[in-house]
Each structure stands twice: as structure tokens, then as C-alpha cells.
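Colleague: My questions all concern the structure below.
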Amino acid sequence: MAKPEAMDSAAIETRLPIASMLQKTRDGELALVPGPLWLADLKPQQELTFLGVLGAEDHAYGVLLEIDSGNTRLRYLPLPVGESPLSILTQPERRTALEKQVMAWPETKNTFTDLPVRDIPLHEINDRLTSPIPQPRQIFAVAANYPSHLFIDLSLPDKSGLIARLRQARPRLFQKYPPVAAPGDSSSGRDVYADLPGPFGSIIAPPQVRIPTLKGENQSVSGHLDYEAEIAVIIGQDLSWDVAKTMSDVELRQVVAGYLLFSDAKVRDPQAMGKILQVFREEKSASGNPYRVGEAALDGTLGIWDETTCHWWSYAASWGHYATYGPFLVAASGRDAFPPRMILSARSYSSAAERSVPPPQEVPQDQLLLRQAAVTTLAEDYPDALIWDIPTILRSLLDPADNALAFTEDTPVLYAGDLVSLGTPGGTVISAKPWWLLPVAENLLFWKDPVYFYKMFFAPTEGDYLYPGDELFLWGEGLGYQLLRIEKPRKL
């Protein structure tokens, strides 16, 4: 289900590598074809850009030198054995030397032949490129950080001042990796999801998804898998609250070593059922809850954020092969604390028999259809600018006081190489009704149990979620693209 009002039409017209990359279908949808043209905006001489390579015998990582003028080959300089992009970015002298080498490449490539430069034909990059960094120890993500996600996907009233009010509350973060079992469930089977898929891999959800119930026992259901295109930052140094609490905004921004395209796919069922149960139990946020806004529409739309809610969200986002990042890592630069970058997502509806739920009748099948398109930026004049900036997000993640991440029973710490994803714009499948409607419906239909409202929530968009056979395409400006296939669940 397309949500045109969630997409930045001006960015679509002006920021894509090639204007003709999107074409209208007979049904009026915007469709795209994945391929090397989506790399035409890479600027390795302006931004130090790293990649990971599969099948290389002696090098796992490299630095991008160019996409040749014929747009047929990618050239890169392999990093020496033992070096990774992160190790270079944390050594100023080594980084400076490599930047000079890359910047000089266009003038020196025909005269210096001693560099071990390698080529990858662009038609092979889906098979040759992999994640550009070692697998992170931890991944966290921010919830509700784009106004369009709140106004369009979650039906928050579009009133002036609401975002300014929300900005005063504490950002909500959940754990994306390592996998988190549902509250009360055993962690056995977590190792199945220990390895993260690459940027051209497969997204796989478990056969059944757990949701909470009114009686306190978890129930298994068939999950509803949603997409979220995002940008993630990679942390360049170990960071604890004892250190971070005395750091300025400038110093916290310097902790970021670079940026990557990130997929924050997740199942929506625990989120939806958790919100329904909060209404049935007539739960209210404590007045001292730092995540509480104190404004009825905002608190009603977002729901209560506490250790239990954060635990369920973390389970929904991590108990599967969901998190993908890359294929390129772009180094952070002191010239711009957070450069604006467009991101988009497109998805297909497979006509294959393996798709367990038929797609909606009105959508074209087996084509990648545009679903999200926005600019990730902090610019105040951009209507969909990020609600919380990076220093605020890092402080919320690390501050142990009333931290909803305390469900892990570990003191929050960030390690070099960890990722923090910054949230998704509007255009996802989830389509919530206005916050006040559920309490009214629950009172009118007082004899119905929460499962009835859970089924009602998903019924209108059942066919729009991701199912085996579907494909997901993500692109980030200057960050490359991902092409992911939804595969059948694995039996645990």
C-alpha cells in the first residue's frame, strides 16, 4: 500500500542518481529496477568510502576508488590483512594518508601501477559485495524519530508544536542485536539468528511470533513483517555513561566514525498487541517516566515506554534475520556534522505460490514499488527532519537512570563498531488508527477480548506485509543499495 503523502516528491525529482530510475506503472505506482545505476552518486574522492568483498583470498575489506566512466566496473584498493575500516577511522594519520591516496587516484591511476587495485564488474556486485565492517557486538535503534512516521503511519494529529513537545522527552531506543527472546521465554534458539545477513542476503522471520496476552501468558501467532529504511551510525570508540555524561554535543558527534544504509525490518505483532493490552488494562505512564511527553495525543499515539515495552520491541526487531547494513561505509567528516542523505525503500509483491498471503488485488506484482522516500537530516527547515539528534540519542541510550533498556540487566555501554540506527520515515506498512479510537471501541465492544482487536488491526493491510517470495530494495544517497529477498521461515 503506497502512501504518497509520506514521500518527499521534491527529493525524488532532484536527488536520485538518474532521474529516469523511477517509472510509473499502469496503476500509477512508482516502480524501479535495481542495478548499477543506483551507484552513480558515490563520490569516493569527496567521502572516504569502504566496502566488504566476498571471495577475496587475502583481503576482506577495501576502500572505493571509482566507478569507471563507462559505469561497468567498480575499482577498489584492498586494505592490508588485519586492517578494517574502523581501525583506519580511529587512526588519524592512517586515515589522512588513505584519503590523500584516494583523492589523487583520478590523476595518478595511469601512472602508478604498483598499487594492488582490484576490479569488480558491476553486474557482479550483488554476489561480490558484503557488509563493509565486522559484525557489530551490539545494534540499537531509535523509535519514532521522523515526523512523517508519526503523522502518516501512526495517525498522530498533525498539529503545530507536537514535535517540539516530543523533542523534550527522552528518545526511545530498543535493542536490534544480539537477538532478544520474548519476555518470559527461553533464550534457547538464539544462536539461529547470531549471524546477520549481508546487504544482498535474505530476511527470515521465525515460523511463529510470540505476543503478550491479557492473562500474562505468551501466545504464538503468524507474524506480520514490515520494512524500515534507515541510516545507521557506527561508533568509533568504547563509550560509557561515566564518560558520556561530561561530553559536549560536539564531542559526542565526534564519537561517530561513519554512516551506513540500514534495514530495520521487524514484526509488528508484539507492538500492536502490547498497545492494545495497555488500553485494556487502563495503564498510564508514571508522571516521572522520562519517556512520557505529557500531551494526550502524543502519549496516546506512542503508548507507554518502559522496560516491558522495550523488551517486547527488542524481541520483535531482533528475533529473526532482520538487520542488514551496507554495502558501503562512508566515513564521518568534520566538515558536516550530519550531511543530509536521501533514503528510500521499494518492495515487491510476489506472484509465486510460496507467498502465504495473496497480495492486494490492485497492486502490480513482481515489481519493486516505491514505498518510502525522505531525506535524513537535522535541518530545521526540512518538514521531516529528525526529531532527536545524535548526542541526545547517545545520552538516552547510555544514561542508566530509568532506562527502559534495563530489561537486559546489563549496564548500557557502547563499544567501538556498534551501530545505532536513527529511525525510519513514513511509508511503512503499519497503519494505526487515531490514538483515541481504540479506547472508544473497547468500551463499545466491551465483551470482545484483546485478540479480536489485534485481528482487526491487521485485517485491512494483511496482504501488504512482507511474505516469502517478496523482495525489498533499499537505497541511501552516497551509501549504495541493498536487495533483500524474503525467504521461508526456518524450523527451529
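Chain identifiers are assigned as A, B, and so on, following the order in which chains appear in the C-alpha cells; residues are numbered from 1 within each chain, and ligands are numbered from 1 in order of appearance.
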With only C-alpha atoms as the counted atoms, please give the residues lying no more than 12 Å from Gly70 (chain A), apart from itself and same-chain residues fewer than 5 positions off, as a count of residues only.

Modeller: 5

Colleague: What are the closest atom pairs, with distances in Å to one decimal, for all residues of region 347-404 of chain A lying within 8 Å of region 236-244 of chain A? Consider only C-alpha atoms, order rows by chain and residue number, and present the result as a tab-separated table.

Modeller:
residue	atom	partner	partner_atom	distance
A:Arg395	CA	A:Ala244	CA	6.9
A:Leu398	CA	A:Trp241	CA	5.2
A:Asp399	CA	A:Trp241	CA	5.7
A:Pro400	CA	A:Trp241	CA	7.6

Colleague: Any chance you could export the current selection's C-alpha atoms as a compact mmCIF listing (two decimals), in the first residue's frame?

Modeller:
# COMPACT_ATOMS: atom_id res chain seq x y z
CA ARG A 395 22.80 10.15 26.09
CA LEU A 398 23.71 5.31 27.98
CA ASP A 399 22.07 7.09 30.92
CA PRO A 400 21.19 4.28 33.38

Colleague: Can you list every residue of region 50-158 of chain A that has an atom at most 12 Å from region 383-394 of chain A, with its nearest atom pair and the distance in Å to one decimal, using only C-alpha atoms, ordered by chain then number, as CSV?

Modeller:
residue,atom,partner,partner_atom,distance
A:Phe140,CA,A:Leu394,CA,10.2
A:Ala141,CA,A:Ile393,CA,9.5
A:Val142,CA,A:Ile393,CA,7.7
A:Ala143,CA,A:Trp388,CA,10.4
A:Ala144,CA,A:Ile387,CA,8.3
A:Asn145,CA,A:Ile387,CA,5.2
A:Tyr146,CA,A:Leu386,CA,5.3
A:Pro147,CA,A:Asp384,CA,5.5
A:Ser148,CA,A:Asp384,CA,6.1
A:His149,CA,A:Asp384,CA,9.1
A:Leu150,CA,A:Asp384,CA,10.3
A:Phe151,CA,A:Asp384,CA,10.2
A:Ile152,CA,A:Asp384,CA,11.5
A:Asp158,CA,A:Pro383,CA,11.5

Colleague: Could you please take those selected residues and save N, CA and C atoms as a PDB file, in the first residue's frame?

Modeller:
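Result file follows (selection25.pdb):
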ATOM      1  N   PHE A 140      21.565  -0.907  18.202  1.00  0.00           N
ATOM      2  CA  PHE A 140      20.386  -0.295  18.807  1.00  0.00           C
ATOM      3  C   PHE A 140      19.684   0.546  17.734  1.00  0.00           C
ATOM      4  N   ALA A 141      18.410   0.811  17.952  1.00  0.00           N
ATOM      5  CA  ALA A 141      17.648   1.618  17.001  1.00  0.00           C
ATOM      6  C   ALA A 141      16.711   2.550  17.760  1.00  0.00           C
ATOM      7  N   VAL A 142      16.410   3.676  17.119  1.00  0.00           N
ATOM      8  CA  VAL A 142      15.544   4.697  17.705  1.00  0.00           C
ATOM      9  C   VAL A 142      14.131   4.523  17.165  1.00  0.00           C
ATOM     10  N   ALA A 143      13.157   4.585  18.046  1.00  0.00           N
ATOM     11  CA  ALA A 143      11.752   4.527  17.635  1.00  0.00           C
ATOM     12  C   ALA A 143      11.209   5.936  17.423  1.00  0.00           C
ATOM     13  N   ALA A 144      10.346   6.095  16.438  1.00  0.00           N
ATOM     14  CA  ALA A 144       9.566   7.327  16.239  1.00  0.00           C
ATOM     15  C   ALA A 144      10.438   8.573  16.153  1.00  0.00           C
ATOM     16  N   ASN A 145      11.374   8.578  15.204  1.00  0.00           N
ATOM     17  CA  ASN A 145      12.293   9.716  15.079  1.00  0.00           C
ATOM     18  C   ASN A 145      12.037  10.559  13.831  1.00  0.00           C
ATOM     19  N   TYR A 146      11.001  10.240  13.070  1.00  0.00           N
ATOM     20  CA  TYR A 146      10.610  11.037  11.899  1.00  0.00           C
ATOM     21  C   TYR A 146       9.173  11.523  12.084  1.00  0.00           C
ATOM     22  N   PRO A 147       8.896  12.794  11.881  1.00  0.00           N
ATOM     23  CA  PRO A 147       7.509  13.258  11.945  1.00  0.00           C
ATOM     24  C   PRO A 147       6.572  12.511  11.005  1.00  0.00           C
ATOM     25  N   SER A 148       7.026  12.197   9.787  1.00  0.00           N
ATOM     26  CA  SER A 148       6.143  11.529   8.821  1.00  0.00           C
ATOM     27  C   SER A 148       5.720  10.152   9.304  1.00  0.00           C
ATOM     28  N   HIS A 149       6.579   9.457  10.032  1.00  0.00           N
ATOM     29  CA  HIS A 149       6.225   8.143  10.574  1.00  0.00           C
ATOM     30  C   HIS A 149       5.117   8.293  11.616  1.00  0.00           C
ATOM     31  N   LEU A 150       5.197   9.356  12.396  1.00  0.00           N
ATOM     32  CA  LEU A 150       4.179   9.599  13.410  1.00  0.00           C
ATOM     33  C   LEU A 150       2.865  10.063  12.789  1.00  0.00           C
ATOM     34  N   PHE A 151       2.935  11.036  11.898  1.00  0.00           N
ATOM     35  CA  PHE A 151       1.723  11.631  11.351  1.00  0.00           C
ATOM     36  C   PHE A 151       0.998  10.707  10.385  1.00  0.00           C
ATOM     37  N   ILE A 152       1.749   9.964   9.574  1.00  0.00           N
ATOM     38  CA  ILE A 152       1.127   9.197   8.489  1.00  0.00           C
ATOM     39  C   ILE A 152       0.949   7.727   8.860  1.00  0.00           C
ATOM     40  N   ASP A 158      -1.676  16.064  13.017  1.00  0.00           N
ATOM     41  CA  ASP A 158      -0.614  16.939  12.506  1.00  0.00           C
ATOM     42  C   ASP A 158      -0.831  18.355  13.046  1.00  0.00           C
TER      43      ASP A 158
END

Colleague: Each residue of region 221-292 of chain A lying at most 10 Å from region 360-379 of chain A should get a row with its shortest atom-to-atom pair and the distance in Å to one decimal, counting only C-alpha atoms; could you produce that, ordered by chain and increasing number, as a tab-separated table?

Modeller:
residue	atom	partner	partner_atom	distance
A:Tyr227	CA	A:Arg371	CA	9.4
A:Glu228	CA	A:Gln372	CA	8.4
A:Ala229	CA	A:Gln372	CA	7.5
A:Glu230	CA	A:Thr376	CA	8.3
A:Ile231	CA	A:Thr376	CA	7.6

Colleague: Give me the residues near region 191-195 of chain A as a list in words, where near means some atom within 6 Å (using only C-alpha atoms) and where sequence neighbours in that chain fewer than 2 positions away do not count.

Modeller: Gly189, Gly320 and His321 of chain A

Colleague: Counting only C-alpha atoms, figure out which residue out of A:Gly463, A:Gly300, A:Gly326, A:Pro134 gets nearest to Ser285 (chain A).

Modeller: A:Gly300

Colleague: Restricting the calculation to only C-alpha atoms: of A:Leu77, A:Leu466, A:Ala232, A:Ala337, which residue gets closest to Arg355 (chain A)?

Modeller: A:Leu466

Colleague: Using only C-alpha atoms, which of the listed residues (A:Arg210, A:Lys3, A:Arg292, A:Lys245) sits closest to Ser186 (chain A)?

Modeller: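 The closest residue to Ser186 (chain A) is A:Arg210.
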
Colleague: Can you list, as a ChimeraX atom specification, every residue of region 39-199 of chain A that DSSP puts in alpha helix (DSSP H)?

Modeller: /A:85-89,92-103,105-108,125-128,147-148,162-167
